[in-house]
Structures are given as C-alpha cells and as structure tokens.
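Q: Sharing upload_20.txt below, compact mmCIF, C-alpha atoms:
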# COMPACT_ATOMS: atom_id res chain seq x y z
CA MET O 1 0.00 0.00 0.00
CA ARG O 2 1.32 3.43 -0.96
CA ASP O 3 2.19 6.15 1.51
CA VAL O 4 -0.04 9.19 1.76
CA ASP O 5 1.36 12.13 -0.23
CA PRO O 6 2.05 14.91 2.30
CA ARG O 7 0.37 17.33 -0.08
CA LEU O 8 -2.89 15.51 0.65
CA SER O 9 -3.29 17.40 3.86
CA ALA O 10 -5.55 16.84 6.82
CA PRO O 11 -7.65 19.92 5.87
CA ALA O 12 -8.58 18.32 2.52
CA LEU O 13 -9.65 15.11 4.24
CA ALA O 14 -11.55 17.06 6.87
CA ARG O 15 -13.37 19.03 4.19
CA GLY O 16 -14.23 15.81 2.38
CA ALA O 17 -15.60 14.25 5.57
CA GLN O 18 -17.64 17.37 6.32
CA HIS O 19 -19.14 17.38 2.82
CA LEU O 20 -20.09 13.71 3.09
CA ARG O 21 -21.74 14.21 6.47
CA ALA O 22 -23.76 17.07 4.95
CA GLY O 23 -25.13 14.70 2.32
CA GLY O 24 -22.66 15.57 -0.44
CA LEU O 25 -20.92 13.47 -3.08
CA LEU O 26 -17.16 12.95 -3.26
CA VAL O 27 -14.80 11.79 -6.00
CA LEU O 28 -11.89 9.84 -4.51
CA PRO O 29 -9.02 7.60 -5.65
CA THR O 30 -8.97 3.86 -5.04
CA ASP O 31 -6.51 1.11 -5.92
CA THR O 32 -8.32 0.48 -9.23
CA VAL O 33 -9.97 3.68 -10.54
CA TYR O 34 -11.42 6.90 -9.16
CA GLY O 35 -14.83 6.46 -7.56
CA ILE O 36 -17.70 8.76 -6.72
CA GLY O 37 -19.50 8.11 -3.47
CA CYS O 38 -21.45 9.19 -0.44
CA LEU O 39 -22.21 7.88 3.03
CA ALA O 40 -23.76 4.45 2.58
CA GLY O 41 -26.45 5.05 5.19
CA ASP O 42 -27.69 8.32 3.63
CA ALA O 43 -30.53 7.23 1.34
CA GLN O 44 -31.03 10.69 -0.17
CA ALA O 45 -27.33 11.00 -0.97
CA VAL O 46 -27.39 7.54 -2.56
CA GLY O 47 -30.24 8.73 -4.76
CA ARG O 48 -28.14 11.72 -5.86
CA LEU O 49 -25.21 9.37 -6.48
CA LEU O 50 -27.28 7.18 -8.79
CA ASP O 51 -28.57 10.28 -10.59
CA ALA O 52 -25.04 11.62 -11.07
CA LYS O 53 -23.94 8.26 -12.42
CA GLY O 54 -26.98 8.04 -14.70
CA ARG O 55 -28.14 4.67 -13.46
CA GLY O 56 -31.24 3.28 -11.82
CA ARG O 57 -31.93 1.49 -8.56
CA GLN O 58 -31.51 -1.88 -10.28
CA MET O 59 -27.72 -1.31 -10.17
CA PRO O 60 -26.94 -0.51 -6.51
CA PRO O 61 -23.43 0.74 -5.70
CA PRO O 62 -20.85 -1.32 -3.82
CA VAL O 63 -19.79 -0.25 -0.31
CA LEU O 64 -16.21 0.57 0.63
CA VAL O 65 -15.05 -0.09 4.21
CA ALA O 66 -11.86 0.65 6.13
CA GLY O 67 -11.55 -2.98 7.26
CA PRO O 68 -13.45 -6.07 8.42
CA GLU O 69 -14.18 -4.37 11.75
CA GLN O 70 -16.61 -2.05 9.96
CA LEU O 71 -18.76 -5.02 8.94
CA ASP O 72 -20.25 -5.32 12.44
CA GLY O 73 -23.95 -4.57 12.16
CA LEU O 74 -23.82 -4.50 8.35
CA VAL O 75 -23.88 -8.18 7.45
CA ALA O 76 -25.85 -11.14 8.76
CA GLY O 77 -22.65 -13.13 9.18
CA VAL O 78 -19.16 -13.64 7.80
CA PRO O 79 -18.75 -17.21 6.55
CA ALA O 80 -15.37 -18.94 6.71
CA THR O 81 -14.93 -18.47 2.97
CA ALA O 82 -15.32 -14.70 3.34
CA ARG O 83 -12.92 -14.56 6.28
CA ALA O 84 -10.29 -16.42 4.28
CA LEU O 85 -10.63 -14.10 1.30
CA MET O 86 -10.51 -10.99 3.48
CA GLU O 87 -7.35 -12.19 5.21
CA ALA O 88 -5.66 -12.97 1.89
CA CYS O 89 -6.92 -10.17 -0.36
CA TRP O 90 -7.96 -7.17 1.77
CA PRO O 91 -7.03 -4.44 1.38
CA GLY O 92 -7.21 -5.00 -2.34
CA ALA O 93 -9.29 -5.33 -5.48
CA LEU O 94 -11.75 -7.94 -4.23
CA THR O 95 -15.45 -7.20 -3.71
CA LEU O 96 -17.40 -9.69 -1.59
CA VAL O 97 -21.18 -9.96 -1.77
CA LEU O 98 -22.61 -10.95 1.61
CA ASP O 99 -26.07 -11.13 3.17
CA ALA O 100 -27.03 -7.80 4.73
CA ALA O 101 -27.99 -7.69 8.39
CA PRO O 102 -31.81 -7.96 8.63
CA GLY O 103 -32.24 -4.66 10.50
CA LEU O 104 -29.68 -2.62 8.57
CA GLY O 105 -32.19 -0.22 7.04
CA TRP O 106 -29.95 1.15 4.29
CA ASP O 107 -31.44 1.96 0.87
CA LEU O 108 -28.81 1.41 -1.81
CA GLY O 109 -31.29 0.30 -4.45
CA GLU O 110 -32.42 -3.19 -5.41
CA THR O 111 -29.83 -5.15 -3.44
CA HIS O 112 -32.05 -8.21 -2.78
CA GLY O 113 -30.85 -8.27 0.80
CA THR O 114 -27.12 -8.25 0.05
CA LEU O 115 -24.16 -5.87 0.27
CA ALA O 116 -21.18 -5.75 -2.10
CA LEU O 117 -18.23 -4.85 0.13
CA ARG O 118 -14.59 -3.97 -0.47
CA MET O 119 -11.60 -2.63 1.46
CA PRO O 120 -9.55 -0.57 -1.04
CA ASP O 121 -5.76 -0.59 -0.94
CA HIS O 122 -5.34 3.19 -1.11
CA PRO O 123 -4.17 5.30 1.85
CA LEU O 124 -6.33 8.31 1.07
CA ALA O 125 -9.48 6.24 0.67
CA LEU O 126 -8.75 4.31 3.86
CA ALA O 127 -8.08 7.48 5.85
CA LEU O 128 -11.43 8.88 4.74
CA LEU O 129 -13.30 5.62 5.46
CA ARG O 130 -11.83 5.45 8.95
CA GLU O 131 -13.12 8.97 9.53
CA VAL O 132 -16.66 8.73 8.10
CA GLY O 133 -17.45 5.01 8.01
CA PRO O 134 -18.71 2.91 5.08
CA MET O 135 -19.32 4.68 1.77
CA ALA O 136 -21.41 3.74 -1.25
CA VAL O 137 -18.94 4.16 -4.10
CA THR O 138 -19.15 3.50 -7.82
CA SER O 139 -16.69 4.33 -10.60
CA ALA O 140 -16.42 8.06 -11.33
CA ASN O 141 -17.95 8.23 -14.78
CA ALA O 142 -21.32 8.44 -16.43
CA THR O 143 -22.78 5.00 -17.11
CA GLY O 144 -21.37 3.69 -20.37
CA GLU O 145 -18.27 5.90 -20.30
CA SER O 146 -14.71 4.91 -19.40
CA PRO O 147 -13.88 5.05 -15.67
CA ALA O 148 -11.69 7.90 -14.43
CA THR O 149 -8.11 6.94 -13.59
CA ASP O 150 -6.86 10.37 -12.49
CA ALA O 151 -8.22 13.55 -10.94
CA ALA O 152 -8.58 15.34 -14.27
CA SER O 153 -10.79 12.64 -15.79
CA GLY O 154 -12.76 12.41 -12.55
CA ARG O 155 -13.42 16.13 -12.75
CA ALA O 156 -14.32 15.96 -16.45
CA ALA O 157 -16.87 13.20 -15.83
CA PHE O 158 -19.17 15.66 -14.02
CA PRO O 159 -18.73 18.98 -15.87
CA GLY O 160 -19.23 22.13 -13.84
CA ARG O 161 -19.98 20.29 -10.59
CA VAL O 162 -16.58 19.36 -9.15
CA THR O 163 -14.53 21.35 -6.61
CA ASP O 164 -11.04 20.35 -5.48
CA ALA O 165 -10.99 19.64 -1.73
CA GLY O 166 -7.43 20.93 -1.52
CA ARG O 167 -8.33 24.42 -2.68
CA GLN O 168 -9.86 27.24 -0.71
CA ALA O 169 -13.51 27.69 -1.66
CA GLY O 170 -16.81 28.86 -0.28
CA PRO O 171 -19.61 26.72 1.10
CA LEU O 172 -20.69 23.73 -0.95
CA GLY O 173 -24.24 22.65 -1.70
CA ARG O 174 -25.51 19.10 -1.93
CA ALA O 175 -25.45 19.36 -5.73
CA ASP O 176 -21.71 20.06 -5.64
CA ILE O 177 -19.17 17.25 -5.90
CA LEU O 178 -15.92 17.47 -3.97
CA LEU O 179 -12.70 15.91 -5.33
CA LEU O 180 -9.84 14.34 -3.37
CA ASP O 181 -6.84 14.29 -5.71
CA GLY O 182 -4.67 11.27 -4.98
CA GLY O 183 -2.77 11.22 -8.26
CA PRO O 184 -3.16 8.58 -10.99
CA THR O 185 -4.64 5.19 -10.18
CA PRO O 186 -3.71 1.78 -11.64
CA GLY O 187 -7.05 1.24 -13.51
CA PRO O 188 -8.97 0.51 -15.59
CA VAL O 189 -9.20 -3.19 -14.64
CA PRO O 190 -11.93 -3.40 -11.96
CA SER O 191 -12.10 -5.43 -8.78
CA THR O 192 -13.00 -9.09 -8.86
CA ILE O 193 -16.50 -9.73 -7.45
CA VAL O 194 -17.39 -12.94 -5.59
CA SER O 195 -20.80 -13.73 -4.14
CA LEU O 196 -20.81 -15.50 -0.79
CA ALA O 197 -24.42 -14.63 -0.04
CA GLY O 198 -27.03 -17.24 0.78
CA GLU O 199 -26.25 -20.64 -0.72
CA HIS O 200 -22.98 -19.27 -2.11
CA ALA O 201 -21.39 -19.06 1.33
CA LEU O 202 -20.04 -22.56 0.67
CA ALA O 203 -20.38 -22.47 -3.12
CA PRO O 204 -18.67 -19.18 -4.09
CA LEU O 205 -19.88 -17.58 -7.31
CA VAL O 206 -17.49 -15.37 -9.29
CA LEU O 207 -19.66 -12.56 -10.65
CA ARG O 208 -16.78 -10.73 -12.31
CA GLU O 209 -13.13 -11.65 -12.76
CA GLY O 210 -11.03 -8.51 -12.47
CA VAL O 211 -7.66 -7.69 -10.90
CA ILE O 212 -7.57 -10.84 -8.75
CA PRO O 213 -7.62 -13.94 -10.98
CA ARG O 214 -9.76 -17.01 -10.43
CA ALA O 215 -6.64 -19.09 -9.71
CA ARG O 216 -5.78 -16.86 -6.74
CA LEU O 217 -9.31 -17.24 -5.35
CA ALA O 218 -9.17 -21.00 -5.77
CA ALA O 219 -5.85 -21.21 -3.94
CA VAL O 220 -7.23 -19.26 -0.98
CA LEU O 221 -10.54 -21.10 -0.84
CA GLU O 222 -9.36 -24.64 -1.50
CA PRO O 223 -8.50 -25.56 2.12
CA VAL O 224 -11.68 -23.95 3.45
CA LEU O 225 -13.91 -25.69 0.93
CA ALA O 226 -12.08 -29.00 1.30
CA ALA O 227 -12.84 -28.96 5.01
CA THR O 228 -16.56 -28.72 4.25
CA GLY O 229 -16.70 -30.77 1.07
CA ALA O 230 -18.05 -27.74 -0.77
CA ALA O 231 -17.51 -26.63 -4.34
CA ALA O 232 -14.74 -24.56 -5.91
CA PRO O 233 -15.67 -21.04 -7.12
CA ALA O 234 -18.18 -21.20 -9.96
CA PRO O 235 -18.29 -18.82 -12.94
CA ALA O 236 -20.84 -16.03 -13.09
CA SER O 237 -24.29 -16.69 -14.45
CA GLY O 238 -25.42 -13.08 -14.66
CA GLY O 239 -24.43 -9.43 -14.37
CA ALA O 240 -22.41 -7.72 -11.66
CA ARG O 241 -22.49 -4.43 -9.81
CA ALA O 242 -19.72 -1.96 -10.55
Hey, can you dump this file as structure tokens for me?
A:
Amino acid sequence: MRDVDPRLSAPALARGAQHLRAGGLLVLPTDTVYGIGCLAGDAQAVGRLLDAKGRGRQMPPPVLVAGPEQLDGLVAGVPATARALMEACWPGALTLVLDAAPGLGWDLGETHGTLALRMPDHPLALALLREVGPMAVTSANATGESPATDAASGRAAFPGRVTDAGRQAGPLGRADILLLDGGPTPGPVPSTIVSLAGEHALAPLVLREGVIPRARLAAVLEPVLAATGAAAPAPASGGARA
C-alpha cells in the first residue's frame, strides 16, 4: 500500500468528511480507478449518487469499508470463505457480496438483501473511510463511459460540478461534488467480485473476474472448501455491480 502524499493534507480530508456528512458526493481515488460516493447510510445522498452516475436502482453501488471491523452490524454473518478471502486479499481489489444484516435499514437500491463490500488498498481512501465510516462508491464516470483513472478525468466526468478539496472555496451545496486528488490510479481493470451470499457461502460464485484472478481465489478457498466438502468457485451466471 502506498504512503499518503504529504500534499494531501488533513484539511482536505476534513473538508471531504464534512461534505459527506452534509449529504454531499465525493470523487476519490482507489486502488483500481477513481470512484464517486457518499455515506452508505444516507438514502437521499445515494439517490443523488445514482442520478449523477446516470443509473437506476436496479444497479446498486458497492460499499467501501476501512476494514473487516466495519462489517459489524452491516452483514448477517461472515462465513469462513469470506474470512479467508478478506485475510488474503484485503485491502485489495476484491469485492465480496454478503447477506445484509436484517435490520440494517440502508437503501442502496435493489440489493435483494445483500451488500457488495470492499476494502480498497489506497491510503487516502482508507483514511477517509476510517473517519466517516462505510461509503457507497461506484466508478467516477457516467454510465457507459470509461472510468476515471486520475483527478482530471474524474473532474471531467461531471462537468461544472466538481470542486477540489485541496483548494480554498466557499460553502458547498448538496449538488456540488468534492474531489480528493490522490494522483493517478492503476485502472482501468476493476475489482473481482465474488458472491458468498445465501447458498454461495459454501459455493462461491465469481460474478466478475477482475484484478484478482480465479486461480488466486481458488488457492485461498481450497483448504476452506475441502474442510466442508463444498464446491470450488463457480463462474458467473449473470451481471455484476460496478
């Protein structure tokens, strides 16, 4: 994991956290591409996020967390397969779909009772997540366009709406989007997505193969699945959230 650039000062992070808590949207770097997000528990902000992205509720955003400790109260349980993958691949480009806790009450869209969760391997993103908690984050681009891999393309994706968090500026409204500039990101290959929800807790389903290859997943899961007599990761049978 990279060190935090000293130019990415505490004031910029503080301003980003303040904007999120006020219901705003934020463009931030991750270890794959730049994302645009909001507080995951703010249903109105999630609605604005989906509008900015140009997508409907049928494509709910994934949730970024600062670590497994932030899953308490969010998921119904963490199966052994999920624990093994977190230990081996978090922080990193692996998104795990788990059953949401029954009383969670978040409205991310049509999630069918699940959450897609990831711990990004980027110091700026992790610092922000430790400060504000879980964020609903999707790639910083209009649906159908290429994902942003640097601050300039993240800014260009939402013309006239983006303000740099590192610059002095006046008050922001909820329609404004704040930008945390963390330099270029590795993109555009996305995270790998594995479903461990419901029956897939012991029969993992690869919804999307991205940065982390299937062979790496199999190597991590083999001893866990062998102990239960369960199946190796299966290929996807449908679409995936991004």
Q: Report, in Å with one decimal, the straight-line distance from CA of Leu196 in chain O to CA of Leu117 in chain O.
A: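 Interatomic distance, CA of Leu196 in chain O to CA of Leu117 in chain O: 11.0 Å.
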Q: Have a look at CA of Ala125 in chain O and CA of Pro204 in chain O and let me know their distance in Å, one decimal.
A: 27.4 Å
Q: In Å, rounded to a single decimal, give me how far CA of Ala40 in chain O is from CA of Val65 in chain O.
A: 10.0 Å
Q: So that each row is one residue of range 98-142 of chain O with an atom at most 10 Å from range 7-25 of chain O, can you give its shortest atom pair and the distance in Å to one decimal, using all atoms listed in the file, rows by chain and rising number, as a tab-separated table?
A:
residue	atom	partner	partner_atom	distance
O:Leu124	CA	O:Leu8	CA	8.0
O:Ala125	CA	O:Leu13	CA	9.6
O:Ala127	CA	O:Leu13	CA	8.0
O:Leu128	CA	O:Leu13	CA	6.5
O:Leu129	CA	O:Ala17	CA	8.9
O:Glu131	CA	O:Ala17	CA	7.1
O:Val132	CA	O:Ala17	CA	6.2
O:Gly133	CA	O:Ala17	CA	9.7
O:Met135	CA	O:Leu20	CA	9.2
O:Ala136	CA	O:Leu25	CA	9.9
O:Val137	CA	O:Leu25	CA	9.6
Q: Between O:Pro102, O:Gly154, O:Gly229, O:Pro79, which one has atoms that come closest to Lys53 in chain O, using all atoms listed in the file?
A: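 The answer is O:Gly154, which sits nearest to Lys53 in chain O.
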Q: With distances taken over all atoms listed in the file, which residue among O:Ala142, O:Ala156, O:Ala80, O:Val75 lies nearest Val224 in chain O?
A: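 Checking each of O:Ala142, O:Ala156, O:Ala80, O:Val75 against Val224 in chain O, counting all atoms listed in the file, the winner is O:Ala80.
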Q: Which is closer to Leu115 in chain O than all the others in O:Ile177, O:Leu39, O:Pro62, O:Ala151, using all atoms listed in the file?
A: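 That would be O:Pro62, the residue with the smallest distance to Leu115 in chain O.
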Q: I need the residue nearest Val33 in chain O from this list: O:Ala203, O:Ala215, O:Leu225, O:Ala93. Use all atoms listed in the file for the distance.
A: O:Ala93
Q: When you look at Gln58 in chain O with a cut-off of 10 Å (counting all atoms listed in the file), what residues show up, excluding the ones that are within fewer than 5 positions of it in the same chain? I need them as a list in words.
A: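 Residues meeting the cut-off are Leu108, Gly109, Glu110, Thr111, His112 and Arg241 of chain O.
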